[in-house]
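Raw upload_11.txt, compact mmCIF, C-alpha atoms:
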# COMPACT_ATOMS: atom_id res chain seq x y z
CA MET A 1 37.63 -15.99 -32.40
CA LEU A 2 34.02 -14.82 -32.16
CA SER A 3 33.23 -11.14 -32.64
CA CYS A 4 30.69 -9.27 -30.51
CA LYS A 5 28.39 -9.25 -33.52
CA ASP A 6 28.57 -13.08 -33.72
CA VAL A 7 28.05 -13.39 -29.99
CA THR A 8 24.86 -11.30 -29.95
CA LYS A 9 23.37 -13.70 -32.50
CA LEU A 10 24.51 -16.77 -30.60
CA VAL A 11 23.31 -15.44 -27.24
CA SER A 12 19.84 -15.12 -28.76
CA GLU A 13 20.06 -18.54 -30.40
CA SER A 14 21.05 -20.10 -27.07
CA MET A 15 17.70 -18.88 -25.71
CA ASP A 16 15.94 -21.04 -28.34
CA ARG A 17 18.06 -24.16 -28.50
CA SER A 18 21.06 -25.76 -26.91
CA LEU A 19 24.11 -24.61 -28.91
CA PRO A 20 26.64 -27.13 -30.25
CA PHE A 21 29.49 -27.68 -27.78
CA GLY A 22 32.17 -25.65 -29.60
CA LYS A 23 29.95 -22.60 -30.04
CA ARG A 24 28.73 -22.82 -26.48
CA ILE A 25 32.30 -22.72 -25.13
CA GLY A 26 33.25 -19.90 -27.51
CA VAL A 27 30.29 -17.80 -26.33
CA ARG A 28 30.96 -18.47 -22.63
CA LEU A 29 34.62 -17.49 -22.98
CA HIS A 30 33.73 -14.33 -24.85
CA LEU A 31 31.15 -13.37 -22.20
CA LEU A 32 33.77 -13.74 -19.46
CA MET A 33 35.96 -11.18 -21.17
CA CYS A 34 33.46 -8.76 -22.74
CA LYS A 35 31.33 -6.66 -20.42
CA PHE A 36 29.18 -5.32 -23.25
CA CYS A 37 28.16 -8.74 -24.53
CA ALA A 38 27.62 -9.96 -20.97
CA ARG A 39 25.36 -6.96 -20.42
CA TYR A 40 23.59 -7.67 -23.72
CA GLU A 41 22.81 -11.20 -22.57
CA ARG A 42 21.58 -10.02 -19.16
CA GLN A 43 19.27 -7.54 -20.87
CA LEU A 44 17.77 -10.12 -23.26
CA LEU A 45 17.08 -12.41 -20.31
CA LEU A 46 15.59 -9.52 -18.36
CA ILE A 47 13.28 -8.71 -21.27
CA ARG A 48 12.18 -12.35 -21.41
CA GLU A 49 11.45 -12.43 -17.69
CA THR A 50 9.65 -9.07 -17.78
CA VAL A 51 7.47 -10.03 -20.73
CA ARG A 52 6.30 -13.22 -19.00
CA ARG A 53 5.46 -11.34 -15.82
CA LEU A 54 3.77 -8.62 -17.79
CA ALA A 55 1.47 -11.16 -19.43
CA VAL A 56 0.53 -12.68 -16.09
CA SER A 57 -0.17 -9.33 -14.44
CA VAL A 58 -2.11 -7.82 -17.35
CA GLU A 59 -4.31 -10.87 -17.62
CA ALA A 60 -5.15 -11.34 -13.97
CA PRO A 61 -8.97 -11.58 -14.04
CA GLY A 62 -10.54 -8.61 -12.34
CA GLU A 63 -7.47 -6.46 -12.94
CA PRO A 64 -9.26 -3.10 -12.51
CA SER A 65 -6.85 -0.69 -14.16
CA GLY A 66 -6.44 -2.23 -17.60
CA GLU A 67 -7.86 -1.26 -20.96
CA THR A 68 -11.43 -2.11 -21.77
CA VAL A 69 -13.52 -2.94 -24.81
CA SER A 70 -15.20 0.23 -26.07
CA VAL A 71 -18.90 0.67 -25.35
CA GLU A 72 -19.70 0.54 -29.08
CA ALA A 73 -17.78 -2.69 -29.57
CA LYS A 74 -19.53 -4.28 -26.59
CA GLU A 75 -22.88 -3.35 -28.11
CA ARG A 76 -21.80 -4.78 -31.47
CA ILE A 77 -20.64 -8.02 -29.87
CA ARG A 78 -23.91 -8.39 -27.93
CA ASN A 79 -25.90 -7.90 -31.13
CA ALA A 80 -23.77 -10.38 -33.04
CA MET A 81 -24.36 -12.94 -30.29
CA LYS A 82 -28.13 -12.44 -30.50
CA ASN A 83 -28.10 -13.11 -34.23
CA PRO A 84 -25.22 -15.50 -34.74
CA MET B 85 -18.76 -29.93 -11.75
CA ALA B 86 -20.53 -27.53 -14.05
CA ASN B 87 -22.40 -28.79 -17.07
CA PRO B 88 -23.03 -27.00 -20.36
CA ALA B 89 -26.49 -25.99 -19.21
CA ASN B 90 -24.82 -23.84 -16.56
CA LEU B 91 -23.14 -21.62 -19.14
CA ASP B 92 -24.83 -18.27 -19.35
CA PRO B 93 -23.76 -16.52 -22.58
CA SER B 94 -25.88 -13.46 -21.79
CA VAL B 95 -23.37 -12.37 -19.14
CA TRP B 96 -20.20 -13.23 -21.09
CA VAL B 97 -19.58 -9.80 -22.57
CA ASP B 98 -19.84 -8.09 -19.18
CA ARG B 99 -18.00 -10.73 -17.26
CA TYR B 100 -15.17 -11.71 -19.62
CA GLY B 101 -15.16 -9.11 -22.41
CA ASP B 102 -12.46 -6.85 -20.94
CA TYR B 103 -10.40 -9.77 -19.71
CA LEU B 104 -10.29 -11.39 -23.15
CA PHE B 105 -9.69 -8.00 -24.72
CA ARG B 106 -6.60 -7.34 -22.59
CA TYR B 107 -5.32 -10.80 -23.42
CA ALA B 108 -5.78 -10.13 -27.14
CA MET B 109 -4.42 -6.56 -27.02
CA LEU B 110 -1.13 -7.66 -25.54
CA ARG B 111 -0.70 -10.14 -28.40
CA LEU B 112 -2.14 -8.20 -31.33
CA ARG B 113 -1.21 -4.60 -30.41
CA ASP B 114 -4.22 -3.39 -32.39
CA ARG B 115 -7.55 -2.38 -30.85
CA PRO B 116 -9.92 -3.17 -33.77
CA ALA B 117 -8.24 -6.55 -34.32
CA ALA B 118 -8.39 -7.34 -30.59
CA GLU B 119 -12.10 -6.43 -30.44
CA ASP B 120 -12.79 -8.59 -33.49
CA MET B 121 -11.03 -11.54 -31.85
CA VAL B 122 -13.12 -11.13 -28.70
CA GLN B 123 -16.29 -11.16 -30.80
CA GLU B 124 -15.15 -14.19 -32.79
CA THR B 125 -14.31 -15.98 -29.55
CA PHE B 126 -17.78 -15.42 -28.08
CA LEU B 127 -19.48 -16.51 -31.32
CA ALA B 128 -17.38 -19.67 -31.53
CA ALA B 129 -18.05 -20.38 -27.86
CA LEU B 130 -21.77 -19.94 -28.40
CA LYS B 131 -21.71 -22.38 -31.28
CA ASP B 132 -19.56 -24.95 -29.48
CA ARG B 133 -20.90 -24.60 -25.98
CA GLY B 134 -21.78 -28.31 -26.04
CA THR B 135 -18.03 -29.02 -25.87
CA PHE B 136 -17.57 -27.17 -22.57
CA SER B 137 -16.77 -30.00 -20.18
CA GLY B 138 -16.75 -28.10 -16.93
CA ASP B 139 -13.26 -29.45 -16.15
CA SER B 140 -11.89 -25.94 -16.50
CA SER B 141 -13.44 -22.61 -15.59
CA GLU B 142 -15.52 -20.71 -18.10
CA ALA B 143 -12.74 -18.08 -18.33
CA THR B 144 -10.05 -20.67 -19.07
CA TRP B 145 -12.26 -22.29 -21.70
CA LEU B 146 -12.86 -18.93 -23.41
CA VAL B 147 -9.16 -18.03 -23.36
CA GLY B 148 -8.42 -21.40 -24.97
CA ILE B 149 -10.71 -20.48 -27.86
CA LEU B 150 -9.19 -17.00 -28.09
CA LYS B 151 -5.67 -18.48 -28.31
CA HIS B 152 -6.68 -20.42 -31.41
CA LYS B 153 -8.19 -17.28 -32.96
CA ILE B 154 -4.97 -15.37 -32.32
CA ALA B 155 -2.85 -18.13 -33.86
CA ASP B 156 -5.13 -18.02 -36.94
CA HIS B 157 -4.58 -14.28 -37.12
CA TYR B 158 -0.79 -14.76 -37.00
CA ARG B 159 -1.02 -17.40 -39.74
CA ARG B 160 -2.99 -15.00 -41.90
CA GLN B 161 -0.44 -12.22 -41.38
CA ALA B 162 2.44 -14.56 -42.19
CA ARG B 163 0.73 -15.63 -45.43
CA GLU B 164 -0.12 -12.08 -46.47
CA ALA B 165 3.34 -10.66 -45.79
CA PRO B 166 5.91 -13.44 -45.95
CA LEU B 167 9.45 -12.50 -44.92
CA GLU B 168 11.96 -11.93 -47.69
CA GLY B 169 15.51 -13.21 -47.37
CA GLY B 170 16.81 -9.66 -47.53
CA ASP B 171 14.72 -8.70 -44.50
CA LEU B 172 16.86 -11.00 -42.39
CA ARG B 173 20.35 -10.14 -43.49
CA GLU B 174 21.18 -6.90 -41.70
CA HIS B 175 22.03 -6.98 -37.98
CA PRO B 176 19.68 -4.53 -36.22
CA ASP B 177 22.65 -3.14 -34.25
CA ALA B 178 24.88 -2.95 -37.36
CA GLY B 179 25.64 0.73 -36.82
CA HIS B 180 27.08 0.00 -33.39
CA PHE B 181 29.81 -2.41 -34.48
CA ASP B 182 33.16 -1.64 -36.08
CA GLY B 183 34.56 -3.37 -39.18
CA VAL B 184 35.54 -6.53 -37.31
CA GLY B 185 32.28 -6.77 -35.37
CA HIS B 186 33.26 -5.29 -32.02
CA TRP B 187 30.98 -2.87 -30.20
CA THR B 188 31.75 0.79 -30.86
CA THR B 189 28.91 1.88 -28.59
CA GLY B 190 27.97 -1.02 -26.35
CA PRO B 191 24.67 -1.63 -24.60
CA ALA B 192 24.05 0.96 -21.86
CA GLU B 193 23.77 0.07 -18.21
CA TRP B 194 20.04 -0.04 -17.36
CA GLY B 195 19.54 1.83 -14.11
CA GLY B 196 16.72 1.73 -11.60
CA ASN B 197 15.29 -1.59 -10.55
CA PRO B 198 14.81 -3.55 -13.77
CA ALA B 199 13.41 -6.57 -11.93
CA ASP B 200 10.35 -4.47 -11.11
CA LEU B 201 9.65 -3.28 -14.63
CA TYR B 202 6.54 -5.33 -15.28
CA ARG B 203 4.73 -3.48 -12.48
CA GLN B 204 5.26 -0.07 -13.99
CA GLY B 205 2.34 1.08 -16.09
CA GLU B 206 4.34 3.31 -18.41
CA PHE B 207 6.77 0.55 -19.14
CA LEU B 208 3.92 -1.50 -20.60
CA ASP B 209 3.08 1.41 -22.91
CA GLN B 210 6.67 1.77 -24.08
CA PHE B 211 7.09 -1.96 -24.50
CA ARG B 212 3.97 -2.09 -26.63
CA LYS B 213 5.13 0.81 -28.77
CA CYS B 214 8.48 -0.88 -29.30
CA LEU B 215 6.87 -4.20 -30.18
CA SER B 216 4.46 -2.45 -32.59
CA GLY B 217 7.47 -0.96 -34.36
CA LEU B 218 8.58 -4.43 -35.47
CA SER B 219 7.16 -6.08 -38.57
CA PRO B 220 4.15 -8.28 -37.69
CA ASN B 221 6.13 -11.50 -38.26
CA HIS B 222 8.95 -10.38 -35.96
CA ALA B 223 6.54 -9.20 -33.27
CA ASN B 224 4.41 -12.35 -33.53
CA ALA B 225 7.41 -14.66 -33.33
CA PHE B 226 8.67 -12.78 -30.29
CA THR B 227 5.25 -12.96 -28.63
CA LEU B 228 4.85 -16.69 -29.20
CA ARG B 229 8.34 -17.44 -27.94
CA GLU B 230 8.82 -15.03 -25.04
CA MET B 231 5.29 -14.37 -23.86
CA GLU B 232 3.72 -17.77 -24.47
CA GLY B 233 6.91 -19.76 -24.06
CA LEU B 234 6.03 -21.93 -27.09
CA GLY B 235 8.71 -24.21 -28.52
CA THR B 236 10.36 -23.23 -31.78
CA ALA B 237 8.91 -26.18 -33.75
CA GLU B 238 5.38 -25.06 -32.95
CA ILE B 239 6.14 -21.46 -33.84
CA CYS B 240 7.61 -22.53 -37.18
CA LYS B 241 4.31 -24.19 -38.04
CA VAL B 242 2.27 -21.09 -37.23
CA LEU B 243 4.55 -18.71 -39.14
CA GLY B 244 5.47 -21.10 -41.93
CA VAL B 245 9.25 -20.58 -41.60
CA SER B 246 12.22 -22.91 -41.17
CA GLU B 247 13.82 -23.26 -37.76
CA THR B 248 17.03 -21.59 -38.98
CA ASN B 249 15.03 -18.60 -40.16
CA LEU B 250 13.11 -18.49 -36.91
CA TRP B 251 16.36 -18.19 -34.92
CA VAL B 252 17.32 -15.22 -37.08
CA ILE B 253 13.86 -13.66 -36.73
CA LEU B 254 13.99 -14.02 -32.95
CA HIS B 255 17.53 -12.65 -32.78
CA ARG B 256 16.44 -9.64 -34.81
CA ALA B 257 13.26 -9.12 -32.78
CA ARG B 258 15.18 -9.24 -29.49
CA ALA B 259 17.89 -6.90 -30.75
CA LEU B 260 15.35 -4.39 -32.09
CA LEU B 261 13.32 -4.45 -28.88
CA ARG B 262 16.39 -4.14 -26.68
CA ARG B 263 17.54 -1.14 -28.68
CA CYS B 264 14.09 0.46 -28.65
CA LEU B 265 13.63 -0.02 -24.89
CA GLU B 266 17.09 1.34 -24.24
CA THR B 267 16.23 4.47 -26.23
CA ARG B 268 12.66 4.95 -25.05
CA TRP B 269 12.76 3.72 -21.50
CA PHE B 270 16.27 3.82 -20.17
CA GLY B 271 17.36 6.74 -22.30
CA THR B 272 20.87 6.72 -20.89
CA ALA B 273 24.15 7.42 -22.64
CA ALA B 274 25.70 4.25 -24.06
CA GLY B 275 29.06 3.08 -22.78
CA LYS B 276 32.00 4.00 -24.98
CA GLY B 277 34.80 1.77 -26.23
CA SER B 278 35.40 -1.81 -25.22
Represent the structure of the file as structure tokens.
Amino acid sequence: MLSCKDVTKLVSESMDRSLPFGKRIGVRLHLLMCKFCARYERQLLLIRETVRRLAVSVEAPGEPSGETVSVEAKERIRNAMKNP
Amino acid sequence: MANPANLDPSVWVDRYGDYLFRYAMLRLRDRPAAEDMVQETFLAALKDRGTFSGDSSEATWLVGILKHKIADHYRRQAREAPLEGGDLREHPDAGHFDGVGHWTTGPAEWGGNPADLYRQGEFLDQFRKCLSGLSPNHANAFTLREMEGLGTAEICKVLGVSETNLWVILHRARALLRRCLETRWFGTAAGKGS
């Protein structure tokens, strides 16, 4: 019988590879019965989804509200490019 | 189709500087390092501008160079501070399990509209703080896997770890981040019992 502690590890591992059949079934059965582990899995998947969307939205060219290179660093970069 | 002669490096800093910087900041979590990477990218682009084929946009080409610079940075960090076996043994949520590994305080319900999180400016700040709290190797592995969607074999090469260790690193990174976000962002009382 898998413990919650085991299942949190396996839920993460299942996001990186396809688990062997026995483990996969064990995890699925546990998740059906344990609301905390089911919630844990939902939250890891939500974090994954959010991080991907975050990357897309932060990097949209012309995104006006993001952080910018400091004035000094821009000057330094321009100078470095003049004398590479 | 553009040709190399159409590249105009004199406008790069103004046109792409902030864009590349944001890209680097999200992955390096460190302003001076991100600014250095932007500079290195422009210098490498200047040197190799003959290789710009015009098949992609100037921005895409520059980001491609930046990606390589970031991977080099990760490699350097992994070499300078390799993970010890002991770093990987403890479960980040250890204090929340009983003796047989069942939750004593389970994950809290995350209220609000979690699907919308990525649009909320303060969430980005908290996420970044949480990610910065991880060791560089944990944060870098997480970034390559979850942000870039790279396969585990490729990540192993960059970080110089075995696949088995990478699974543990990713498990730990996800658990630490989940816990940190729950505390910093959701801040709700955890469910009791099981």
Query - Near-range 68-73 of chain A list (7 Å; only C-alpha atoms; drop same-chain fewer than 2 positions) as a PyMOL selection string - result: (chain A and resi 66+75-77) or (chain B and resi 101-102+105+119)
Dump of C-alpha atoms for the selected residues, as a PDB file, keeping the file's coordinate frame:
ATOM      1  CA  GLY A  66      -6.440  -2.230 -17.600  1.00  0.00           C
ATOM      2  CA  GLU A  75     -22.880  -3.350 -28.110  1.00  0.00           C
ATOM      3  CA  ARG A  76     -21.800  -4.780 -31.470  1.00  0.00           C
ATOM      4  CA  ILE A  77     -20.640  -8.020 -29.870  1.00  0.00           C
TER       5      ILE A  77
ATOM      6  CA  GLY B 101     -15.160  -9.110 -22.410  1.00  0.00           C
ATOM      7  CA  ASP B 102     -12.460  -6.850 -20.940  1.00  0.00           C
ATOM      8  CA  PHE B 105      -9.690  -8.000 -24.720  1.00  0.00           C
ATOM      9  CA  GLU B 119     -12.100  -6.430 -30.440  1.00  0.00           C
TER      10      GLU B 119
END
Query - Contact residues around Ala80 in chain A with all atoms listed in the file at 12 Å, ignoring same-chain residues under 4 positions, as a ChimeraX atom specification - result: /A:73-76,84 /B:94,97,120,122-128,130
**Report entry** Atomic separation - CA of Glu164 in chain B relative to CA of Pro220 in chain B, Å
**Finding:**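 Computing it gives 10.5 Å between the two atoms.
Restricting the calculation to only C-alpha atoms, the smallest distance between Lys131 in chain B and any of B:Val95, B:Ala178, B:Ile149, B:Leu215 is found for B:Ile149.
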Requested in this report: Hey, list the chain A side of the contact with chain B: 7 Å cut-off, only C-alpha atoms, answer as JSON, numbers by chain.
Outcome: {"A": [3, 4, 5, 9, 12, 13, 16, 36, 39, 40, 44, 48, 50, 51, 52, 53, 54, 55, 58, 59, 61, 67, 68, 69, 73, 74, 77, 81, 84]}
Expected file: the selected residues, C-alpha atoms, as a PDB file, in the frame of the given file:
ATOM      1  CA  SER A   3      33.230 -11.140 -32.640  1.00  0.00           C
ATOM      2  CA  CYS A   4      30.690  -9.270 -30.510  1.00  0.00           C
ATOM      3  CA  LYS A   5      28.390  -9.250 -33.520  1.00  0.00           C
ATOM      4  CA  LYS A   9      23.370 -13.700 -32.500  1.00  0.00           C
ATOM      5  CA  SER A  12      19.840 -15.120 -28.760  1.00  0.00           C
ATOM      6  CA  GLU A  13      20.060 -18.540 -30.400  1.00  0.00           C
ATOM      7  CA  ASP A  16      15.940 -21.040 -28.340  1.00  0.00           C
ATOM      8  CA  PHE A  36      29.180  -5.320 -23.250  1.00  0.00           C
ATOM      9  CA  ARG A  39      25.360  -6.960 -20.420  1.00  0.00           C
ATOM     10  CA  TYR A  40      23.590  -7.670 -23.720  1.00  0.00           C
ATOM     11  CA  LEU A  44      17.770 -10.120 -23.260  1.00  0.00           C
ATOM     12  CA  ARG A  48      12.180 -12.350 -21.410  1.00  0.00           C
ATOM     13  CA  THR A  50       9.650  -9.070 -17.780  1.00  0.00           C
ATOM     14  CA  VAL A  51       7.470 -10.030 -20.730  1.00  0.00           C
ATOM     15  CA  ARG A  52       6.300 -13.220 -19.000  1.00  0.00           C
ATOM     16  CA  ARG A  53       5.460 -11.340 -15.820  1.00  0.00           C
ATOM     17  CA  LEU A  54       3.770  -8.620 -17.790  1.00  0.00           C
ATOM     18  CA  ALA A  55       1.470 -11.160 -19.430  1.00  0.00           C
ATOM     19  CA  VAL A  58      -2.110  -7.820 -17.350  1.00  0.00           C
ATOM     20  CA  GLU A  59      -4.310 -10.870 -17.620  1.00  0.00           C
ATOM     21  CA  PRO A  61      -8.970 -11.580 -14.040  1.00  0.00           C
ATOM     22  CA  GLU A  67      -7.860  -1.260 -20.960  1.00  0.00           C
ATOM     23  CA  THR A  68     -11.430  -2.110 -21.770  1.00  0.00           C
ATOM     24  CA  VAL A  69     -13.520  -2.940 -24.810  1.00  0.00           C
ATOM     25  CA  ALA A  73     -17.780  -2.690 -29.570  1.00  0.00           C
ATOM     26  CA  LYS A  74     -19.530  -4.280 -26.590  1.00  0.00           C
ATOM     27  CA  ILE A  77     -20.640  -8.020 -29.870  1.00  0.00           C
ATOM     28  CA  MET A  81     -24.360 -12.940 -30.290  1.00  0.00           C
ATOM     29  CA  PRO A  84     -25.220 -15.500 -34.740  1.00  0.00           C
TER      30      PRO A  84
END
Query - Pairwise distance for CA of Ser216 in chain B and CA of Asp114 in chain B, rounded to one decimal in Å - result: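 Between CA of Ser216 in chain B and CA of Asp114 in chain B the gap works out to 8.7 Å.
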Requested in this report: Identify which of the residues B:Gly183, B:Gly134, B:Gly196, B:Gly244 lies closest to Phe270 in chain B, counting only C-alpha atoms when measuring atom-to-atom distances.
Outcome: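 Closest to Phe270 in chain B of all the choices is B:Gly196.
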Residue neighbourhood Lys23 in chain A, 12 Å, only C-alpha atoms, exclusion window fewer than 5 positions, as a compact mmCIF listing (two decimals) with C-alpha atoms, in the frame of the given file:
# COMPACT_ATOMS: atom_id res chain seq x y z
CA MET A 1 37.63 -15.99 -32.40
CA LEU A 2 34.02 -14.82 -32.16
CA ASP A 6 28.57 -13.08 -33.72
CA VAL A 7 28.05 -13.39 -29.99
CA LYS A 9 23.37 -13.70 -32.50
CA LEU A 10 24.51 -16.77 -30.60
CA VAL A 11 23.31 -15.44 -27.24
CA GLU A 13 20.06 -18.54 -30.40
CA SER A 14 21.05 -20.10 -27.07
CA SER A 18 21.06 -25.76 -26.91
CA ARG A 28 30.96 -18.47 -22.63
CA LEU A 29 34.62 -17.49 -22.98
CA HIS A 30 33.73 -14.33 -24.85
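Going from CA of Ile239 in chain B to CA of Asp156 in chain B covers 12.2 Å.
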Requested in this report: Name the closest residue to Glu142 in chain B among the candidates B:Ala129, B:Ser219, B:Lys213, B:Pro166; distances are taken between atoms, counting only C-alpha atoms.
Outcome: B:Ala129
Query - Which residue of B:Ala237, B:Met121, B:Leu218, B:Leu91 approaches Arg17 in chain A most closely, using all atoms listed in the file - result: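 Selected residue with least distance to Arg17 in chain A: B:Ala237.
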Requested in this report: Find, counting only C-alpha atoms, the residue in B:Cys214, B:Arg263, B:Val242, B:Arg113 that gets nearest to His152 in chain B.
Outcome: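 Nearest candidate to His152 in chain B out of B:Cys214, B:Arg263, B:Val242, B:Arg113: B:Val242.
When all atoms listed in the file are used to measure the gap to Cys37 in chain A, the shortest distance among A:Ser57, A:Glu49, A:Thr8, A:Leu19 belongs to A:Thr8.
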Missing atoms in range 9-29 of chain A: can you complete it with N, CA and C atoms, as a short mmCIF file (atom, residue, chain, number, x, y, z; two decimals), in the coordinates of the input?
data_model
loop_
_atom_site.label_atom_id
_atom_site.label_comp_id
_atom_site.auth_asym_id
_atom_site.auth_seq_id
_atom_site.Cartn_x
_atom_site.Cartn_y
_atom_site.Cartn_z
N LYS A 9 24.25 -12.74 -31.81
CA LYS A 9 23.37 -13.70 -32.50
C LYS A 9 23.30 -15.01 -31.74
N LEU A 10 24.45 -15.47 -31.27
CA LEU A 10 24.51 -16.77 -30.60
C LEU A 10 23.86 -16.73 -29.21
N VAL A 11 23.96 -15.58 -28.54
CA VAL A 11 23.31 -15.44 -27.24
C VAL A 11 21.79 -15.61 -27.43
N SER A 12 21.26 -14.98 -28.47
CA SER A 12 19.84 -15.12 -28.76
C SER A 12 19.51 -16.57 -29.12
N GLU A 13 20.32 -17.16 -29.98
CA GLU A 13 20.06 -18.54 -30.40
C GLU A 13 20.08 -19.50 -29.21
N SER A 14 20.95 -19.22 -28.25
CA SER A 14 21.05 -20.10 -27.07
C SER A 14 19.79 -20.01 -26.21
N MET A 15 18.97 -18.99 -26.43
CA MET A 15 17.70 -18.88 -25.71
C MET A 15 16.62 -19.73 -26.39
N ASP A 16 16.93 -20.25 -27.58
CA ASP A 16 15.94 -21.04 -28.34
C ASP A 16 16.34 -22.49 -28.53
N ARG A 17 17.63 -22.78 -28.38
CA ARG A 17 18.06 -24.16 -28.50
C ARG A 17 19.40 -24.30 -27.77
N SER A 18 19.78 -25.52 -27.54
CA SER A 18 21.06 -25.76 -26.91
C SER A 18 22.13 -25.69 -28.00
N LEU A 19 23.09 -24.79 -27.86
CA LEU A 19 24.11 -24.61 -28.91
C LEU A 19 25.04 -25.81 -28.95
N PRO A 20 25.61 -26.09 -30.15
CA PRO A 20 26.64 -27.13 -30.25
C PRO A 20 27.80 -26.79 -29.31
N PHE A 21 28.48 -27.83 -28.83
CA PHE A 21 29.49 -27.68 -27.78
C PHE A 21 30.52 -26.58 -28.06
N GLY A 22 31.12 -26.61 -29.26
CA GLY A 22 32.17 -25.65 -29.60
C GLY A 22 31.69 -24.20 -29.50
N LYS A 23 30.50 -23.95 -30.07
CA LYS A 23 29.95 -22.60 -30.04
C LYS A 23 29.64 -22.18 -28.62
N ARG A 24 29.12 -23.14 -27.86
CA ARG A 24 28.73 -22.82 -26.48
C ARG A 24 29.97 -22.35 -25.69
N ILE A 25 31.07 -23.08 -25.84
CA ILE A 25 32.30 -22.72 -25.13
C ILE A 25 32.81 -21.36 -25.61
N GLY A 26 32.79 -21.17 -26.94
CA GLY A 26 33.25 -19.90 -27.51
C GLY A 26 32.47 -18.72 -26.94
N VAL A 27 31.13 -18.88 -26.85
CA VAL A 27 30.29 -17.80 -26.33
C VAL A 27 30.61 -17.55 -24.86
N ARG A 28 30.69 -18.63 -24.08
CA ARG A 28 30.96 -18.47 -22.63
C ARG A 28 32.29 -17.75 -22.39
N LEU A 29 33.31 -18.14 -23.14
CA LEU A 29 34.62 -17.49 -22.98
C LEU A 29 34.55 -16.01 -23.33
#
